[in-house]
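Novice: Sharing model.txt (compact mmCIF, C-alpha atoms and all ligand atoms) below.
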# COMPACT_ATOMS: atom_id res chain seq x y z
CA MET A 1 189.24 102.33 52.31
CA VAL A 2 186.44 102.08 49.82
CA SER A 3 183.19 103.59 50.94
CA HIS A 4 180.08 102.80 48.99
CA HIS A 5 176.77 101.14 49.45
CA ASP A 6 176.01 97.61 48.41
CA LEU A 7 175.23 97.45 44.74
CA SER A 8 173.66 94.94 42.39
CA ARG A 9 173.28 95.36 38.64
CA THR A 10 171.91 92.92 36.08
CA PHE A 11 172.91 92.75 32.41
CA GLU A 12 171.43 90.70 29.57
CA ILE A 13 173.81 89.15 27.04
CA LYS A 14 172.65 88.07 23.59
CA GLY A 15 174.25 84.93 22.21
CA ARG A 16 175.91 85.09 18.78
CA ASP A 17 175.59 88.86 18.63
CA PHE A 18 179.13 90.10 18.09
CA SER A 19 178.02 93.67 17.39
CA LYS A 20 177.68 94.63 21.07
CA ALA A 21 180.09 92.07 22.47
CA GLY A 22 182.21 93.46 25.27
CA SER A 23 179.95 96.41 26.05
CA ILE A 24 178.73 94.94 29.34
CA SER A 25 182.27 94.48 30.60
CA ILE A 26 183.14 98.04 29.63
CA ASN A 27 180.04 99.17 31.51
CA ILE A 28 181.06 97.17 34.60
CA LYS A 29 184.56 98.61 34.44
CA GLU A 30 183.17 102.17 34.32
CA ILE A 31 180.86 101.52 37.29
CA LEU A 32 183.70 100.17 39.42
CA ARG A 33 186.06 102.95 38.37
CA GLU A 34 183.52 105.61 39.28
CA LEU A 35 183.10 104.00 42.70
CA GLY A 36 186.80 104.48 43.24
CA ILE A 37 187.69 100.79 43.44
CA ASP A 38 191.42 100.02 43.33
CA PRO A 39 192.40 100.20 39.60
CA VAL A 40 194.30 96.91 39.86
CA ILE A 41 191.14 95.13 41.00
CA VAL A 42 189.05 96.93 38.37
CA ARG A 43 191.38 95.59 35.67
CA ARG A 44 191.13 92.04 37.00
CA VAL A 45 187.33 92.22 37.12
CA ALA A 46 187.23 93.69 33.60
CA ILE A 47 189.34 90.86 32.16
CA ALA A 48 187.25 88.16 33.85
CA SER A 49 183.88 89.66 32.94
CA TYR A 50 184.99 90.16 29.33
CA GLU A 51 185.98 86.52 28.98
CA ALA A 52 182.72 85.37 30.57
CA GLU A 53 180.67 87.73 28.39
CA MET A 54 182.45 86.62 25.21
CA ASN A 55 181.84 82.96 25.99
CA VAL A 56 178.10 83.62 26.07
CA VAL A 57 178.36 85.48 22.76
CA MET A 58 180.39 82.67 21.22
CA TYR A 59 178.70 79.57 22.60
CA ALA A 60 175.31 80.25 24.20
CA ASN A 61 171.87 81.52 23.21
CA LYS A 62 171.61 84.13 25.93
CA GLY A 63 172.87 84.93 29.37
CA GLU A 64 172.37 87.09 32.41
CA MET A 65 175.32 88.64 34.17
CA VAL A 66 175.01 90.13 37.63
CA LEU A 67 177.53 92.43 39.27
CA ARG A 68 177.31 92.55 43.05
CA LEU A 69 179.41 94.66 45.30
CA ASN A 70 179.72 95.07 49.04
CA PRO A 71 182.54 96.47 51.17
CA LYS A 72 184.28 93.08 51.16
CA VAL A 73 183.87 91.58 47.72
CA ILE A 74 182.99 92.08 44.10
CA GLN A 75 181.04 89.18 42.66
CA ILE A 76 180.23 88.48 39.02
CA THR A 77 177.73 85.73 38.35
CA LEU A 78 176.62 84.55 34.94
CA GLU A 79 173.88 82.12 34.00
CA ASP A 80 173.41 81.20 30.39
CA GLU A 81 171.06 79.14 28.29
CA GLY A 82 173.12 77.14 25.88
CA PRO A 83 174.78 73.84 25.07
CA GLY A 84 176.62 73.53 28.39
CA ILE A 85 180.17 72.23 28.78
CA GLU A 86 180.81 68.53 28.45
CA ASN A 87 184.09 68.34 30.32
CA ILE A 88 184.78 71.28 32.61
CA GLU A 89 188.24 70.10 33.59
CA MET A 90 189.24 70.00 29.94
CA ALA A 91 187.58 73.37 29.20
CA MET A 92 189.66 74.95 31.98
CA GLN A 93 192.90 73.90 30.31
CA GLU A 94 194.79 76.54 28.37
CA GLY A 95 194.47 76.00 24.64
CA TYR A 96 191.32 73.89 24.76
CA THR A 97 188.62 75.29 22.49
CA THR A 98 185.60 74.19 20.51
CA ALA A 99 185.41 77.50 18.61
CA THR A 100 184.60 77.28 14.90
CA ASP A 101 187.12 78.28 12.23
CA GLU A 102 185.11 81.42 11.58
CA ILE A 103 185.35 82.51 15.22
CA ARG A 104 189.04 81.63 15.36
CA GLU A 105 189.77 83.79 12.33
CA MET A 106 188.50 86.71 14.38
CA GLY A 107 191.15 85.98 16.99
CA PHE A 108 188.83 84.32 19.47
CA GLY A 109 189.10 80.68 20.39
CA ALA A 110 192.64 80.63 21.77
CA GLY A 111 191.34 78.59 24.68
CA MET A 112 192.59 81.25 27.07
CA GLY A 113 189.33 82.71 28.39
CA LEU A 114 188.59 80.40 31.29
CA PRO A 115 192.27 80.23 32.39
CA ASN A 116 192.31 84.07 32.26
CA ILE A 117 189.29 84.20 34.56
CA LYS A 118 190.90 81.77 36.98
CA LYS A 119 194.16 83.73 37.04
CA ASN A 120 192.45 87.04 37.73
CA ALA A 121 189.79 85.96 40.24
CA ASP A 122 190.20 85.11 43.90
CA MET A 123 187.57 82.42 43.44
CA PHE A 124 186.05 80.95 40.30
CA GLU A 125 183.33 78.30 40.17
CA LEU A 126 182.04 76.87 36.91
CA LYS A 127 179.00 74.63 36.70
CA SER A 128 177.24 73.27 33.69
CA THR A 129 174.40 71.03 32.60
CA ILE A 130 174.62 69.59 29.11
CA GLY A 131 171.84 70.87 26.89
CA LYS A 132 170.75 73.48 29.45
CA GLY A 133 173.45 75.95 30.21
CA THR A 134 176.45 77.08 32.15
CA SER A 135 176.90 79.19 35.27
CA TYR A 136 179.92 81.18 36.35
CA ASN A 137 180.57 82.46 39.87
CA ILE A 138 183.57 84.79 40.04
CA VAL A 139 184.66 86.52 43.24
CA PHE A 140 187.25 89.22 43.93
CA TYR A 141 188.24 90.29 47.44
CA LEU A 142 188.49 94.00 48.02
CA ASN A 143 191.21 93.40 50.56
CA SER A 144 193.70 90.58 50.87
CA LYS A 145 191.57 88.05 52.72
CA GLY A 146 188.08 89.23 52.08
CA ASP A 147 187.54 90.29 55.68
CA VAL A 148 186.57 93.83 56.61
CA MET B 1 206.29 109.72 24.19
CA THR B 2 202.83 110.88 23.10
CA LEU B 3 200.72 109.05 20.54
CA THR B 4 200.93 112.04 18.17
CA GLU B 5 204.74 111.82 18.22
CA VAL B 6 204.66 108.06 17.67
CA VAL B 7 202.29 108.50 14.71
CA GLU B 8 204.66 111.07 13.17
CA ARG B 9 207.87 109.18 13.80
CA LEU B 10 206.54 105.85 12.47
CA GLY B 11 204.63 107.45 9.59
CA LEU B 12 201.36 105.77 10.58
CA HIS B 13 198.17 106.52 8.65
CA VAL B 14 195.45 107.99 10.82
CA LEU B 15 192.02 106.47 10.07
CA THR B 16 189.97 108.14 12.80
CA SER B 17 189.27 111.74 13.73
CA ARG B 18 191.22 111.14 16.86
CA GLY B 19 194.74 110.76 15.48
CA GLY B 20 196.58 110.62 18.71
CA GLY B 21 196.68 113.46 21.11
CA ASP B 22 198.89 113.65 24.14
CA VAL B 23 198.01 110.22 25.53
CA LYS B 24 201.28 108.65 26.60
CA VAL B 25 202.36 105.49 24.80
CA THR B 26 203.75 103.21 27.49
CA GLY B 27 204.87 100.46 25.12
CA GLY B 28 203.49 98.19 22.47
CA TYR B 29 201.78 94.85 22.31
CA ALA B 30 201.61 92.77 19.14
CA GLY B 31 199.05 90.01 18.82
CA ASP B 32 196.07 88.68 16.91
CA LEU B 33 194.48 86.55 19.64
CA LEU B 34 192.06 88.68 21.62
CA SER B 35 192.33 86.71 24.87
CA ASP B 36 196.11 87.08 24.72
CA VAL B 37 195.87 90.85 24.28
CA ILE B 38 193.26 91.09 27.03
CA ALA B 39 195.49 89.12 29.38
CA ASN B 40 198.88 90.62 28.60
CA SER B 41 198.63 94.16 27.22
CA LYS B 42 199.27 97.04 29.61
CA THR B 43 197.55 100.41 30.06
CA GLY B 44 198.74 102.86 27.41
CA ASN B 45 200.16 100.22 25.08
CA LEU B 46 199.82 100.63 21.33
CA TRP B 47 198.25 97.43 19.97
CA ILE B 48 199.74 96.13 16.73
CA THR B 49 197.50 93.62 14.96
CA MET B 50 196.08 92.04 11.81
CA GLN B 51 192.57 91.91 13.31
CA THR B 52 190.43 94.69 11.88
CA HIS B 53 186.88 93.71 12.88
CA GLN B 54 184.83 95.80 15.29
CA ASN B 55 185.44 93.61 18.34
CA VAL B 56 188.98 94.97 18.67
CA LEU B 57 187.52 98.27 19.87
CA ALA B 58 186.12 96.76 23.09
CA VAL B 59 189.61 95.43 23.88
CA VAL B 60 191.16 98.89 23.41
CA LYS B 61 188.56 100.41 25.74
CA LEU B 62 188.63 97.66 28.31
CA LYS B 63 192.42 97.74 28.64
CA ASP B 64 192.81 101.52 28.24
CA LEU B 65 195.20 101.06 25.34
CA ALA B 66 196.67 104.15 23.64
CA GLY B 67 195.37 103.03 20.26
CA ILE B 68 195.48 100.32 17.64
CA VAL B 69 197.61 99.86 14.51
CA PHE B 70 196.44 97.66 11.64
CA VAL B 71 199.43 96.18 9.80
CA ASN B 72 200.15 95.01 6.24
CA GLY B 73 197.95 97.78 4.83
CA ARG B 74 194.81 96.17 6.20
CA GLN B 75 191.75 98.40 6.12
CA PRO B 76 188.78 97.98 8.46
CA ASP B 77 185.14 98.31 7.42
CA GLU B 78 183.72 101.82 7.49
CA GLU B 79 181.52 100.93 10.49
CA VAL B 80 184.61 100.12 12.57
CA ILE B 81 185.97 103.62 11.91
CA GLN B 82 182.59 105.13 12.68
CA LYS B 83 182.33 103.29 15.97
CA ALA B 84 185.93 104.18 16.86
CA ASN B 85 185.13 107.85 16.21
CA GLU B 86 182.12 107.66 18.49
CA GLU B 87 184.25 106.07 21.21
CA HIS B 88 187.21 108.44 20.66
CA ILE B 89 189.56 105.57 19.92
CA ALA B 90 192.66 106.20 17.81
CA VAL B 91 192.82 103.78 14.86
CA LEU B 92 195.99 103.80 12.78
CA SER B 93 197.39 101.73 9.96
CA THR B 94 200.67 100.96 8.27
CA ASP B 95 201.78 99.10 5.14
CA GLU B 96 204.58 97.54 7.17
CA SER B 97 204.37 94.14 8.85
CA ALA B 98 203.83 93.62 12.58
CA PHE B 99 207.51 92.64 12.88
CA ILE B 100 208.82 95.85 11.31
CA ILE B 101 206.47 98.22 13.12
CA SER B 102 207.05 96.49 16.47
CA GLY B 103 210.81 96.82 15.96
CA GLN B 104 210.51 100.48 15.09
CA LEU B 105 208.24 101.21 18.04
CA TYR B 106 210.61 99.36 20.34
CA GLN B 107 213.56 101.43 19.12
CA LEU B 108 211.55 104.62 19.52
CA LEU B 109 210.44 103.93 23.09
CA LYS B 110 213.44 102.14 24.59
N1 LIG A 201 179.21 79.61 28.40
C1 LIG A 201 179.65 78.53 27.74
N2 LIG A 201 178.78 77.69 27.12
C2 LIG A 201 179.23 76.60 26.44
N3 LIG A 201 180.53 76.27 26.34
C3 LIG A 201 181.43 77.08 26.94
C4 LIG A 201 181.06 78.24 27.66
N4 LIG A 201 182.16 78.81 28.15
C5 LIG A 201 183.18 78.05 27.75
N5 LIG A 201 182.77 76.99 27.01
C6 LIG A 201 183.61 75.90 26.45
O1 LIG A 201 184.89 75.95 27.03
C7 LIG A 201 185.89 76.11 26.03
C8 LIG A 201 187.04 76.90 26.57
O2 LIG A 201 186.61 78.23 26.88
P1 LIG A 201 187.69 79.41 26.94
O3 LIG A 201 186.98 80.68 27.20
O4 LIG A 201 188.79 79.01 27.88
O5 LIG A 201 188.34 79.39 25.48
P2 LIG A 201 187.68 79.86 24.10
O6 LIG A 201 186.45 80.65 24.35
O7 LIG A 201 187.54 78.65 23.25
O8 LIG A 201 188.82 80.79 23.49
P3 LIG A 201 189.18 82.30 23.99
O9 LIG A 201 188.46 82.52 25.28
O10 LIG A 201 190.67 82.30 24.14
O11 LIG A 201 188.70 83.20 22.91
C9 LIG A 201 185.17 76.75 24.86
O12 LIG A 201 185.81 76.52 23.62
C10 LIG A 201 183.80 76.05 24.95
O13 LIG A 201 183.88 74.75 24.40
MG MG A 202 186.47 82.21 25.75
Written as C-alpha cells, how would this file's structure read?

Specialist:
Amino acid sequence: MVSHHDLSRTFEIKGRDFSKAGSISINIKEILRELGIDPVIVRRVAIASYEAEMNVVMYANKGEMVLRLNPKVIQITLEDEGPGIENIEMAMQEGYTTATDEIREMGFGAGMGLPNIKKNADMFELKSTIGKGTSYNIVFYLNSKGDV
Amino acid sequence: MTLTEVVERLGLHVLTSRGGGDVKVTGGYAGDLLSDVIANSKTGNLWITMQTHQNVLAVVKLKDLAGIVFVNGRQPDEEVIQKANEEHIAVLSTDESAFIISGQLYQLLK
C-alpha cells in the first residue's frame, strides 16, 4: 500500500528547445520513485510523460505539464500553446507524423508517441483547437480499478 | 554479465569517465527511433544505435539502460560526452555495425 500525501507539481516546457528535452519526465520519474510508487507504474508514467513532453518540444511554442497524485491515481495533464492537431483520430494512428525531415533524422517522428501514451495509460484524453493548442489528460490507476 | 565485462569482451571504446562498472547488462536493444526505444527497451539493456545527439541521454536515464553504444565509428559532439559525464551515463562506441555488435552481444549474453 502506498502511503503519501496528495501532491501536485507544475512544470514549464519550452517549445523547440531540444537541449533540455526529456528533463521534466526524468524529474517526474524520480519524484514517483522516491515516493515508493510501484516501479511498473513509474515506468508507464515515465514513457507517457516523455512522449507528451517531446510533442511540445517538437510541435508547440510552450506548454505546462502538471503531475497530480493521490492515493488512487496519478494524473498527468498538459496544456500547450501551439498549432493544434487537425485530425486527432489520424494523429493517434501508429506511424502518422507531421515531423520535419530534420526532426526525423534525429530519430523522432516515428508516429509512435501518442500510441505509446495510449498503451501505457489507463485513460488518455486528447483535445485540440486549431491555431490555439492541444491538451493531454493522462491517468494511471494505482490499483487495478482505481478504487481505494 | 557486468557492463565492464561486456566492454572488454566486445572491445568497445569508452568515451565517458564512467566506462561501465558493475551494472548488470540484462540484454541489448538496437534502434534509431527514439519512441521505439522508449517503448520497447528494458531496464539494464545496452542500447545500440546510430543516433549520437544529446537527446539519447534522456532515453538512457528514463529507461534505466545500462549504457549506450554508438556504431559505425560514429562520434558524438563533445557536449554530449560532457553531459553524459555529469549524469554518470556510460557512453561507448565501436567501429562495427549495429548488426555485428548486436550479434556479438547476443552470443555473449545468451
Ligand atoms: N502537442 C502537439 N501539438 C501539435 N501537434 C501535435 C502535438 N502532439 C502531437 N501532434 C501531432 O500528432 C502527430 C503524431 O504524434 P506522435 O507523438 O504519435 O508521433 P510523432 O511525434 O510524429 O513521432 P514520435 O512520437 O514517434 O517521435 C504529430 O506528428 C503531430 O502532427
Ligand atoms: Mg511524438

Novice: Please check the contacts: residues of chain A at most 9 Å away from chain B, using all atoms listed in the file, listed as a list in words.

Specialist: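 Close enough to count are Phe18, Ser19, Lys20, Ala21, Gly22, Ser23, Ser25, Ile26, Lys29, Arg43, Ala46, Ile47, Tyr50, Glu51, Arg104, Glu105, Met106, Gly107, Phe108, Gly109, Ala110, Gly111, Met112, Gly113 and Asn116 of chain A.
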
Novice: Dump the neighbourhood of ligand LIG 201 (chain A) as number ranges by chain: all residues within 9 Å, distances computed on only C-alpha atoms and all ligand atoms.

Specialist: A: 51-61, 63, 78-88, 90-100, 103-104, 107-117, 126, 128, 130, 133-136; B: 33-36

Novice: For the atom pair CA of Thr10 in chain A and CA of Met65 in chain A, what is the interatomic distance in Å to one decimal place?

Specialist: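 CA of Thr10 in chain A sits 5.8 Å away from CA of Met65 in chain A.
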
Novice: Edge lengths and centre, in Å to one decimal, as lines of an AutoDock Vina configuration file: that's what I need for the box along x, y and z that holds all listed atoms of range 88-104 of chain B plus 4 Å on each side.

Specialist:
center_x = 199.0
center_y = 100.5
center_z = 12.9
size_x = 31.6
size_y = 23.8
size_z = 23.5

Novice: Provide the CA of Thr77 in chain A to CA of Val60 in chain B distance in Å, to one decimal place.

Specialist: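 One can read the CA of Thr77 in chain A to CA of Val60 in chain B distance as 24.0 Å.
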
Novice: Quote the spacing between CA of Ile138 in chain A and CA of Leu67 in chain A in Å to one decimal place.

Specialist: 9.8 Å

Novice: With all atoms listed in the file as the counted atoms, please give the residues lying no more than 10 Å from Thr94 in chain B, apart from itself and same-chain residues fewer than 2 positions off, as a PyMOL selection string.

Specialist: chain B and resi 10-14+48+69-75+92+96-98+101

Novice: Neighbours of Ile31 in chain A within 12 Å (all atoms listed in the file; same-chain residues fewer than 6 positions away dropped), as a PyMOL selection string?

Specialist: chain A and resi 4+7-9+24-25+37+39+42+45-46+67-69+74

Novice: So, with only C-alpha atoms as the atoms that count, which of B:Ile100, B:Ala84, B:Ala90, B:Met1 lies closest to Gly20 in chain B?

Specialist: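 Looking only at the distances to Gly20 in chain B, the closest residue turns out to be B:Ala90.
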
Novice: Quick one: residues within 9 Å of (200.7, 106.8, 19.7) (file frame), counting only C-alpha atoms, please, as a CSV table (one decimal) with C-alpha atoms, keeping the file's coordinate frame.

Specialist:
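Now in result-v6.csv:
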chain,number,residue,atom,x,y,z
B,1,MET,CA,206.3,109.7,24.2
B,2,THR,CA,202.8,110.9,23.1
B,3,LEU,CA,200.7,109.0,20.5
B,4,THR,CA,200.9,112.0,18.2
B,5,GLU,CA,204.7,111.8,18.2
B,6,VAL,CA,204.7,108.1,17.7
B,7,VAL,CA,202.3,108.5,14.7
B,8,GLU,CA,204.7,111.1,13.2
B,19,GLY,CA,194.7,110.8,15.5
B,20,GLY,CA,196.6,110.6,18.7
B,21,GLY,CA,196.7,113.5,21.1
B,22,ASP,CA,198.9,113.6,24.1
B,23,VAL,CA,198.0,110.2,25.5
B,24,LYS,CA,201.3,108.6,26.6
B,25,VAL,CA,202.4,105.5,24.8
B,44,GLY,CA,198.7,102.9,27.4
B,45,ASN,CA,200.2,100.2,25.1
B,46,LEU,CA,199.8,100.6,21.3
B,66,ALA,CA,196.7,104.2,23.6
B,67,GLY,CA,195.4,103.0,20.3
B,68,ILE,CA,195.5,100.3,17.6
B,90,ALA,CA,192.7,106.2,17.8
B,92,LEU,CA,196.0,103.8,12.8

Novice: Given the choices A:Val139, A:Ile41, A:Ile28, A:Ala48, which gets closest to ligand MG 202 (chain A) if the distance is worked out from only C-alpha atoms and all ligand atoms?

Specialist: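 When distances to ligand MG 202 (chain A) are compared using only C-alpha atoms and all ligand atoms, the smallest one comes from A:Ala48.
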
Novice: Render range 5-35 of chain B from the structure in the preceding block as a file of N, CA, C and O atoms, as a PDB file, in the first residue's frame.

Specialist:
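Ended up saving to out-v9.pdb:
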ATOM      1  N   GLU B   5      32.607  -6.036 -18.103  1.00  0.00           N
ATOM      2  CA  GLU B   5      32.941  -7.271 -18.822  1.00  0.00           C
ATOM      3  C   GLU B   5      32.507  -7.191 -20.284  1.00  0.00           C
ATOM      4  O   GLU B   5      33.244  -7.609 -21.183  1.00  0.00           O
ATOM      5  N   VAL B   6      31.309  -6.657 -20.518  1.00  0.00           N
ATOM      6  CA  VAL B   6      30.806  -6.537 -21.887  1.00  0.00           C
ATOM      7  C   VAL B   6      31.734  -5.634 -22.703  1.00  0.00           C
ATOM      8  O   VAL B   6      32.094  -5.953 -23.838  1.00  0.00           O
ATOM      9  N   VAL B   7      32.130  -4.507 -22.101  1.00  0.00           N
ATOM     10  CA  VAL B   7      33.031  -3.563 -22.778  1.00  0.00           C
ATOM     11  C   VAL B   7      34.332  -4.269 -23.177  1.00  0.00           C
ATOM     12  O   VAL B   7      34.808  -4.145 -24.305  1.00  0.00           O
ATOM     13  N   GLU B   8      34.879  -5.045 -22.258  1.00  0.00           N
ATOM     14  CA  GLU B   8      36.125  -5.780 -22.528  1.00  0.00           C
ATOM     15  C   GLU B   8      35.944  -6.820 -23.618  1.00  0.00           C
ATOM     16  O   GLU B   8      36.697  -6.872 -24.592  1.00  0.00           O
ATOM     17  N   ARG B   9      34.913  -7.624 -23.470  1.00  0.00           N
ATOM     18  CA  ARG B   9      34.717  -8.755 -24.387  1.00  0.00           C
ATOM     19  C   ARG B   9      34.397  -8.294 -25.807  1.00  0.00           C
ATOM     20  O   ARG B   9      34.786  -8.933 -26.780  1.00  0.00           O
ATOM     21  N   LEU B  10      33.680  -7.163 -25.943  1.00  0.00           N
ATOM     22  CA  LEU B  10      33.322  -6.684 -27.282  1.00  0.00           C
ATOM     23  C   LEU B  10      34.318  -5.651 -27.801  1.00  0.00           C
ATOM     24  O   LEU B  10      34.198  -5.169 -28.927  1.00  0.00           O
ATOM     25  N   GLY B  11      35.304  -5.309 -26.983  1.00  0.00           N
ATOM     26  CA  GLY B  11      36.308  -4.325 -27.401  1.00  0.00           C
ATOM     27  C   GLY B  11      35.725  -2.950 -27.697  1.00  0.00           C
ATOM     28  O   GLY B  11      36.136  -2.267 -28.634  1.00  0.00           O
ATOM     29  N   LEU B  12      34.765  -2.535 -26.877  1.00  0.00           N
ATOM     30  CA  LEU B  12      34.123  -1.229 -27.093  1.00  0.00           C
ATOM     31  C   LEU B  12      35.039  -0.092 -26.627  1.00  0.00           C
ATOM     32  O   LEU B  12      35.794  -0.249 -25.665  1.00  0.00           O
ATOM     33  N   HIS B  13      34.988   1.032 -27.342  1.00  0.00           N
ATOM     34  CA  HIS B  13      35.718   2.218 -26.895  1.00  0.00           C
ATOM     35  C   HIS B  13      34.884   2.909 -25.833  1.00  0.00           C
ATOM     36  O   HIS B  13      33.674   3.066 -25.992  1.00  0.00           O
ATOM     37  N   VAL B  14      35.541   3.361 -24.774  1.00  0.00           N
ATOM     38  CA  VAL B  14      34.842   4.058 -23.702  1.00  0.00           C
ATOM     39  C   VAL B  14      35.030   5.564 -23.874  1.00  0.00           C
ATOM     40  O   VAL B  14      36.153   6.049 -23.874  1.00  0.00           O
ATOM     41  N   LEU B  15      33.927   6.292 -24.061  1.00  0.00           N
ATOM     42  CA  LEU B  15      34.015   7.733 -24.333  1.00  0.00           C
ATOM     43  C   LEU B  15      33.806   8.591 -23.095  1.00  0.00           C
ATOM     44  O   LEU B  15      34.129   9.773 -23.087  1.00  0.00           O
ATOM     45  N   THR B  16      33.247   7.998 -22.054  1.00  0.00           N
ATOM     46  CA  THR B  16      32.934   8.761 -20.841  1.00  0.00           C
ATOM     47  C   THR B  16      33.798   8.296 -19.681  1.00  0.00           C
ATOM     48  O   THR B  16      34.408   7.219 -19.741  1.00  0.00           O
ATOM     49  N   SER B  17      33.820   9.084 -18.617  1.00  0.00           N
ATOM     50  CA  SER B  17      34.601   8.690 -17.444  1.00  0.00           C
ATOM     51  C   SER B  17      34.018   7.434 -16.815  1.00  0.00           C
ATOM     52  O   SER B  17      34.718   6.613 -16.252  1.00  0.00           O
ATOM     53  N   ARG B  18      32.728   7.321 -16.930  1.00  0.00           N
ATOM     54  CA  ARG B  18      32.109   6.095 -16.449  1.00  0.00           C
ATOM     55  C   ARG B  18      32.123   5.062 -17.573  1.00  0.00           C
ATOM     56  O   ARG B  18      31.362   5.120 -18.523  1.00  0.00           O
ATOM     57  N   GLY B  19      33.030   4.109 -17.500  1.00  0.00           N
ATOM     58  CA  GLY B  19      33.213   3.140 -18.567  1.00  0.00           C
ATOM     59  C   GLY B  19      32.272   1.965 -18.442  1.00  0.00           C
ATOM     60  O   GLY B  19      31.977   1.279 -19.404  1.00  0.00           O
ATOM     61  N   GLY B  20      31.787   1.733 -17.286  1.00  0.00           N
ATOM     62  CA  GLY B  20      30.943   0.561 -17.142  1.00  0.00           C
ATOM     63  C   GLY B  20      30.576   0.407 -15.703  1.00  0.00           C
ATOM     64  O   GLY B  20      29.592   0.948 -15.232  1.00  0.00           O
ATOM     65  N   GLY B  21      31.422  -0.291 -14.984  1.00  0.00           N
ATOM     66  CA  GLY B  21      31.105  -0.546 -13.592  1.00  0.00           C
ATOM     67  C   GLY B  21      30.363  -1.861 -13.501  1.00  0.00           C
ATOM     68  O   GLY B  21      30.262  -2.591 -14.482  1.00  0.00           O
ATOM     69  N   ASP B  22      29.823  -2.138 -12.320  1.00  0.00           N
ATOM     70  CA  ASP B  22      29.236  -3.469 -12.155  1.00  0.00           C
ATOM     71  C   ASP B  22      27.732  -3.478 -12.399  1.00  0.00           C
ATOM     72  O   ASP B  22      27.032  -4.374 -11.966  1.00  0.00           O
ATOM     73  N   VAL B  23      27.229  -2.475 -13.134  1.00  0.00           N
ATOM     74  CA  VAL B  23      25.823  -2.521 -13.535  1.00  0.00           C
ATOM     75  C   VAL B  23      25.632  -3.740 -14.429  1.00  0.00           C
ATOM     76  O   VAL B  23      26.468  -4.061 -15.271  1.00  0.00           O
ATOM     77  N   LYS B  24      24.553  -4.472 -14.177  1.00  0.00           N
ATOM     78  CA  LYS B  24      24.315  -5.707 -14.904  1.00  0.00           C
ATOM     79  C   LYS B  24      23.652  -5.419 -16.253  1.00  0.00           C
ATOM     80  O   LYS B  24      22.663  -4.695 -16.318  1.00  0.00           O
ATOM     81  N   VAL B  25      24.222  -5.972 -17.302  1.00  0.00           N
ATOM     82  CA  VAL B  25      23.621  -5.831 -18.628  1.00  0.00           C
ATOM     83  C   VAL B  25      22.602  -6.956 -18.804  1.00  0.00           C
ATOM     84  O   VAL B  25      22.936  -8.133 -18.801  1.00  0.00           O
ATOM     85  N   THR B  26      21.339  -6.557 -18.938  1.00  0.00           N
ATOM     86  CA  THR B  26      20.249  -7.545 -18.981  1.00  0.00           C
ATOM     87  C   THR B  26      19.943  -8.008 -20.397  1.00  0.00           C
ATOM     88  O   THR B  26      19.177  -8.932 -20.613  1.00  0.00           O
ATOM     89  N   GLY B  27      20.542  -7.304 -21.374  1.00  0.00           N
ATOM     90  CA  GLY B  27      20.255  -7.621 -22.772  1.00  0.00           C
ATOM     91  C   GLY B  27      20.614  -6.409 -23.600  1.00  0.00           C
ATOM     92  O   GLY B  27      21.239  -5.470 -23.095  1.00  0.00           O
ATOM     93  N   GLY B  28      20.229  -6.438 -24.857  1.00  0.00           N
ATOM     94  CA  GLY B  28      20.528  -5.300 -25.714  1.00  0.00           C
ATOM     95  C   GLY B  28      19.276  -4.854 -26.442  1.00  0.00           C
ATOM     96  O   GLY B  28      18.300  -5.614 -26.550  1.00  0.00           O
ATOM     97  N   TYR B  29      19.298  -3.627 -26.897  1.00  0.00           N
ATOM     98  CA  TYR B  29      18.225  -3.167 -27.773  1.00  0.00           C
ATOM     99  C   TYR B  29      18.842  -2.297 -28.854  1.00  0.00           C
ATOM    100  O   TYR B  29      19.590  -1.361 -28.558  1.00  0.00           O
ATOM    101  N   ALA B  30      18.574  -2.643 -30.113  1.00  0.00           N
ATOM    102  CA  ALA B  30      19.131  -1.893 -31.228  1.00  0.00           C
ATOM    103  C   ALA B  30      18.026  -1.087 -31.890  1.00  0.00           C
ATOM    104  O   ALA B  30      16.967  -1.635 -32.212  1.00  0.00           O
ATOM    105  N   GLY B  31      18.260   0.209 -32.072  1.00  0.00           N
ATOM    106  CA  GLY B  31      17.245   1.022 -32.735  1.00  0.00           C
ATOM    107  C   GLY B  31      17.648   2.474 -32.836  1.00  0.00           C
ATOM    108  O   GLY B  31      18.416   2.973 -32.012  1.00  0.00           O
ATOM    109  N   ASP B  32      17.126   3.138 -33.847  1.00  0.00           N
ATOM    110  CA  ASP B  32      17.446   4.545 -34.084  1.00  0.00           C
ATOM    111  C   ASP B  32      16.229   5.450 -33.952  1.00  0.00           C
ATOM    112  O   ASP B  32      16.335   6.664 -34.129  1.00  0.00           O
ATOM    113  N   LEU B  33      15.064   4.862 -33.672  1.00  0.00           N
ATOM    114  CA  LEU B  33      13.851   5.651 -33.466  1.00  0.00           C
ATOM    115  C   LEU B  33      13.606   5.764 -31.963  1.00  0.00           C
ATOM    116  O   LEU B  33      13.422   4.762 -31.286  1.00  0.00           O
ATOM    117  N   LEU B  34      13.616   6.979 -31.456  1.00  0.00           N
ATOM    118  CA  LEU B  34      13.581   7.156 -30.008  1.00  0.00           C
ATOM    119  C   LEU B  34      12.305   6.629 -29.366  1.00  0.00           C
ATOM    120  O   LEU B  34      12.352   6.037 -28.295  1.00  0.00           O
ATOM    121  N   SER B  35      11.173   6.827 -30.033  1.00  0.00           N
ATOM    122  CA  SER B  35       9.909   6.324 -29.471  1.00  0.00           C
ATOM    123  C   SER B  35       9.879   4.801 -29.405  1.00  0.00           C
ATOM    124  O   SER B  35       9.252   4.218 -28.528  1.00  0.00           O
TER     125      SER B  35
END
